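Below you'll find the structure, written out as structure tokens, and then a few comments.
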Amino acid sequence: MNYLDQLLRKQQYDFGSDFSSRVLNATTAIKDRSPSVHWFLLGAAATIGLCALSIYILEGHLSIDTFLGTDGLYNDTLIDYLNIQ
Amino acid sequence: MLSVHQSDFQLIDLAINGDDRAFQHIVERHQRLVATASMNMVGDMDIAQKIGQQTFIRFYKAMHSFKKEAKLSTYLTRIAINLSLNHLKRKQTFAQRSLDLSKAINVKADSDTLDNKQVVHMALQMLDHKHRSVVVLRMIQGYSTDETADILEIPKGTVLSRLKRGLEKLKKHLKEDLKYELS
């Protein structure tokens with residue numbers, strides 16, 4: 001190994017003893033900011049549940065048509081449209 | 001229970017399951033190699049620390065998809081080198097490079113008390129990015145030619161030619177610009 005190789009081998013650095021704690025603080029902040037996927041799925045499920053409940057209260061029953069808001073369309077608008085045709 | 005004998009992969013599994021101490025262990029184990037890569041590349045400890053933090057944060061975010069056939073040290077070095085190169089491309093305009101070079105020469109003129117490490121550090125900063133990255137990985141960090149080619153995503157032949165050219169330039173900077181005798 002020549003002299004330059006030896007000099008280059010000595011170009012080692014260190015970030016200091018508190019570096020890992022600072023990284024850990026940064027990753028904890030990320031964790032706190034970004035909720036995990038299961039909370040997102042739970043939120044979506046709760047939203048759909050609340051929608052279904054409010055439709056049931058308003059309409060008195062719950063079906064795919066009432067949920068999608070197409071029951072009125074089928075009975076009124078679409079039949080009228082077909083009659084005109 | 002954490003121990004120093006646990007492999008990187010065991011620590012990663014623990015960290016994925018929410019063990020912060022395991023992640024801290026990974027950082028402690030590998031921070032030196034990340035510091036060496038980034039500091040030799042960017043030449044400034046404050047910037048190197050930011051790049052170091054970014055390196056581990058990126059790894060933290062991608063930890064779940066980390067393929068265990070790769071070595072963690074190589075993976076982290078690749079992130080650190082890429083972030084350093086991005087930083088240099090963004091910030092290091094030609095004018096800044098010239099300024100840095102003249103600053104380095106002035107430091108030599110002002111003081112003869114610089115130690116070997118500081119002089120070699122200055123000479124390294126005078127190399128262009130592509131030569132510097134190869135010299136840092138091969139000669140300072142001790143990666144093989146294959147590993148260096150893999151980290152930089154360049155052919156093996158390019159690593160060898162850049163290394164030869166990089167070392168020639170480094171010697172030239174040491175002798176001519178910094179008046180340093182390689183004995």
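Labels used: A, B, ... for chains in the order of the structure tokens, numbers from 1 for residues in each chain, and numbers from 1 for ligands as shown.
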
Closest atom pairs, residues of chain B within 7 Å of chain A, only C-alpha atoms, as CSV:
residue,atom,partner,partner_atom,distance
B:Gln24,CA,A:Ser20,CA,5.7
B:Val27,CA,A:Ser20,CA,5.6
B:Glu28,CA,A:Ser20,CA,5.9
B:Gln31,CA,A:Phe15,CA,6.9
B:Arg32,CA,A:Asp14,CA,4.9
B:Ala35,CA,A:Asp14,CA,5.4
B:Thr36,CA,A:Tyr13,CA,4.7
B:Gln49,CA,A:Phe15,CA,6.6
B:Gln53,CA,A:Val23,CA,5.8
B:Ile57,CA,A:Thr27,CA,6.4
B:Lys117,CA,A:Gln11,CA,6.3
B:Met139,CA,A:Leu8,CA,6.3
B:Ile140,CA,A:Arg9,CA,4.8
B:Leu182,CA,A:Tyr3,CA,6.9
B:Ser183,CA,A:Tyr3,CA,6.8

Okay, now the selection with N, CA and C atoms, as a PDB file, in the first residue's frame?
ATOM      1  N   GLN B  24     -32.571   2.740  16.002  1.00  0.00           N
ATOM      2  CA  GLN B  24     -31.456   3.560  16.511  1.00  0.00           C
ATOM      3  C   GLN B  24     -30.143   2.771  16.456  1.00  0.00           C
ATOM      4  N   VAL B  27     -28.825   2.881  12.972  1.00  0.00           N
ATOM      5  CA  VAL B  27     -28.195   4.186  12.707  1.00  0.00           C
ATOM      6  C   VAL B  27     -26.808   4.243  13.335  1.00  0.00           C
ATOM      7  N   GLU B  28     -26.727   3.808  14.600  1.00  0.00           N
ATOM      8  CA  GLU B  28     -25.433   3.839  15.298  1.00  0.00           C
ATOM      9  C   GLU B  28     -24.404   2.954  14.594  1.00  0.00           C
ATOM     10  N   GLN B  31     -23.714   4.815  10.900  1.00  0.00           N
ATOM     11  CA  GLN B  31     -23.569   6.261  10.703  1.00  0.00           C
ATOM     12  C   GLN B  31     -22.163   6.662  10.240  1.00  0.00           C
ATOM     13  N   ARG B  32     -21.151   5.882  10.665  1.00  0.00           N
ATOM     14  CA  ARG B  32     -19.767   6.203  10.307  1.00  0.00           C
ATOM     15  C   ARG B  32     -19.538   6.084   8.797  1.00  0.00           C
ATOM     16  N   ALA B  35     -21.348   8.928   7.168  1.00  0.00           N
ATOM     17  CA  ALA B  35     -20.610  10.176   7.412  1.00  0.00           C
ATOM     18  C   ALA B  35     -19.388  10.261   6.499  1.00  0.00           C
ATOM     19  N   THR B  36     -18.668   9.162   6.374  1.00  0.00           N
ATOM     20  CA  THR B  36     -17.460   9.147   5.540  1.00  0.00           C
ATOM     21  C   THR B  36     -17.822   9.396   4.070  1.00  0.00           C
ATOM     22  N   GLN B  49     -24.106  16.206   7.477  1.00  0.00           N
ATOM     23  CA  GLN B  49     -25.039  15.750   8.525  1.00  0.00           C
ATOM     24  C   GLN B  49     -26.474  15.726   8.010  1.00  0.00           C
ATOM     25  N   GLN B  53     -28.792  12.488   7.709  1.00  0.00           N
ATOM     26  CA  GLN B  53     -30.158  12.364   8.249  1.00  0.00           C
ATOM     27  C   GLN B  53     -31.129  11.924   7.168  1.00  0.00           C
ATOM     28  N   ILE B  57     -33.526   8.650   6.969  1.00  0.00           N
ATOM     29  CA  ILE B  57     -34.979   8.859   6.877  1.00  0.00           C
ATOM     30  C   ILE B  57     -35.521   8.146   5.635  1.00  0.00           C
ATOM     31  N   LYS B 117      -4.731  14.947   7.006  1.00  0.00           N
ATOM     32  CA  LYS B 117      -6.143  14.682   6.713  1.00  0.00           C
ATOM     33  C   LYS B 117      -6.802  15.886   6.045  1.00  0.00           C
ATOM     34  N   MET B 139     -11.159   3.790  -2.561  1.00  0.00           N
ATOM     35  CA  MET B 139      -9.937   3.979  -1.769  1.00  0.00           C
ATOM     36  C   MET B 139     -10.204   4.327  -0.309  1.00  0.00           C
ATOM     37  N   ILE B 140     -11.293   5.055  -0.041  1.00  0.00           N
ATOM     38  CA  ILE B 140     -11.540   5.470   1.345  1.00  0.00           C
ATOM     39  C   ILE B 140     -12.456   4.465   2.057  1.00  0.00           C
ATOM     40  N   LEU B 182       4.342  14.025  -1.363  1.00  0.00           N
ATOM     41  CA  LEU B 182       3.930  12.645  -1.104  1.00  0.00           C
ATOM     42  C   LEU B 182       5.179  11.781  -0.956  1.00  0.00           C
ATOM     43  N   SER B 183       5.598  11.564   0.277  1.00  0.00           N
ATOM     44  CA  SER B 183       6.832  10.779   0.458  1.00  0.00           C
ATOM     45  C   SER B 183       6.511   9.438   1.115  1.00  0.00           C
TER      46      SER B 183
END

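With only C-alpha atoms taken into account, the protein and nucleic acid residues at most 12 Å from Ser161 of chain B (excluding it and anything under 2 positions from it in its own chain) are Lys130, His131, Val134, Val135, Thr145, Ala149, Ile154, Pro155, Lys156, Gly157, Thr158, Val159, Leu163, Lys164, Arg165, Gly166, Leu167 and Glu168 of chain B.
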
Generate a file of the selected residues that holds C-alpha atoms, formatted as a PDB file, in the first residue's frame.
ATOM      1  CA  LYS B 130     -17.433  11.511 -11.002  1.00  0.00           C
ATOM      2  CA  HIS B 131     -13.772  10.970 -10.081  1.00  0.00           C
ATOM      3  CA  VAL B 134     -15.020   6.524  -7.299  1.00  0.00           C
ATOM      4  CA  VAL B 135     -11.993   7.483  -5.187  1.00  0.00           C
ATOM      5  CA  THR B 145     -14.622  -2.533  -8.014  1.00  0.00           C
ATOM      6  CA  ALA B 149     -19.859  -0.171 -10.038  1.00  0.00           C
ATOM      7  CA  ILE B 154     -21.769   2.403 -13.973  1.00  0.00           C
ATOM      8  CA  PRO B 155     -19.773  -0.334 -15.765  1.00  0.00           C
ATOM      9  CA  LYS B 156     -16.754  -1.913 -14.054  1.00  0.00           C
ATOM     10  CA  GLY B 157     -14.411  -0.604 -16.752  1.00  0.00           C
ATOM     11  CA  THR B 158     -15.600   2.950 -16.071  1.00  0.00           C
ATOM     12  CA  VAL B 159     -14.844   2.520 -12.358  1.00  0.00           C
ATOM     13  CA  LEU B 163     -10.111   5.551 -10.404  1.00  0.00           C
ATOM     14  CA  LYS B 164      -6.852   5.736 -12.349  1.00  0.00           C
ATOM     15  CA  ARG B 165      -7.620   9.237 -13.601  1.00  0.00           C
ATOM     16  CA  GLY B 166      -8.933  10.356 -10.199  1.00  0.00           C
ATOM     17  CA  LEU B 167      -5.786   9.256  -8.382  1.00  0.00           C
ATOM     18  CA  GLU B 168      -3.575  10.954 -10.970  1.00  0.00           C
TER      19      GLU B 168
END

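With atom CA of Arg29 of chain B on one side and atom CA of Thr77 of chain B on the other, the separation reads 12.9 Å.
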
Secondary structure check, alpha helix (DSSP H) residues of segment 1-175 of chain B, as a ChimeraX atom specification: /B:8-16,20-42,45-62,72-91,94-110,116-125,129-135,145-152,156-172

Pick from B:Lys68, B:Arg21, B:Lys50, B:His129 nearest to Asp8 of chain B, counting only C-alpha atoms: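 Once distances to Asp8 of chain B are computed over only C-alpha atoms, the minimum belongs to B:Lys68.
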
Coordinates-based distance that separates atom CA of Leu127 of chain B from atom CA of Asp46 of chain B (Å, one decimal):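 So the two atoms, atom CA of Asp46 of chain B and atom CA of Leu127 of chain B, lie 20.3 Å apart.
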
Selection: 10 Å around Arg58 of chain B, only C-alpha atoms, excl. self and same-chain fewer than 5 positions, as an NGL selection string: (:A and (27)) or (:B and (52-53 or 63 or 76 or 79-80))

Mind dumping the selected residues with C-alpha atoms as a PDB file, in the first residue's frame?
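Now in again02.pdb:
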ATOM      1  CA  THR A  27     -38.501   9.480  12.178  1.00  0.00           C
TER       2      THR A  27
ATOM      3  CA  GLY B  52     -26.782  11.679   6.643  1.00  0.00           C
ATOM      4  CA  GLN B  53     -30.158  12.364   8.249  1.00  0.00           C
ATOM      5  CA  MET B  63     -37.560  -0.245   5.207  1.00  0.00           C
ATOM      6  CA  LEU B  76     -27.107   3.109   2.703  1.00  0.00           C
ATOM      7  CA  ILE B  79     -28.403   6.583  -0.892  1.00  0.00           C
ATOM      8  CA  ALA B  80     -25.748   8.810   0.724  1.00  0.00           C
TER       9      ALA B  80
END

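Taking atom CA of Ala44 of chain A as the reference point, atom CA of Gly69 of chain A is found at 19.3 Å.
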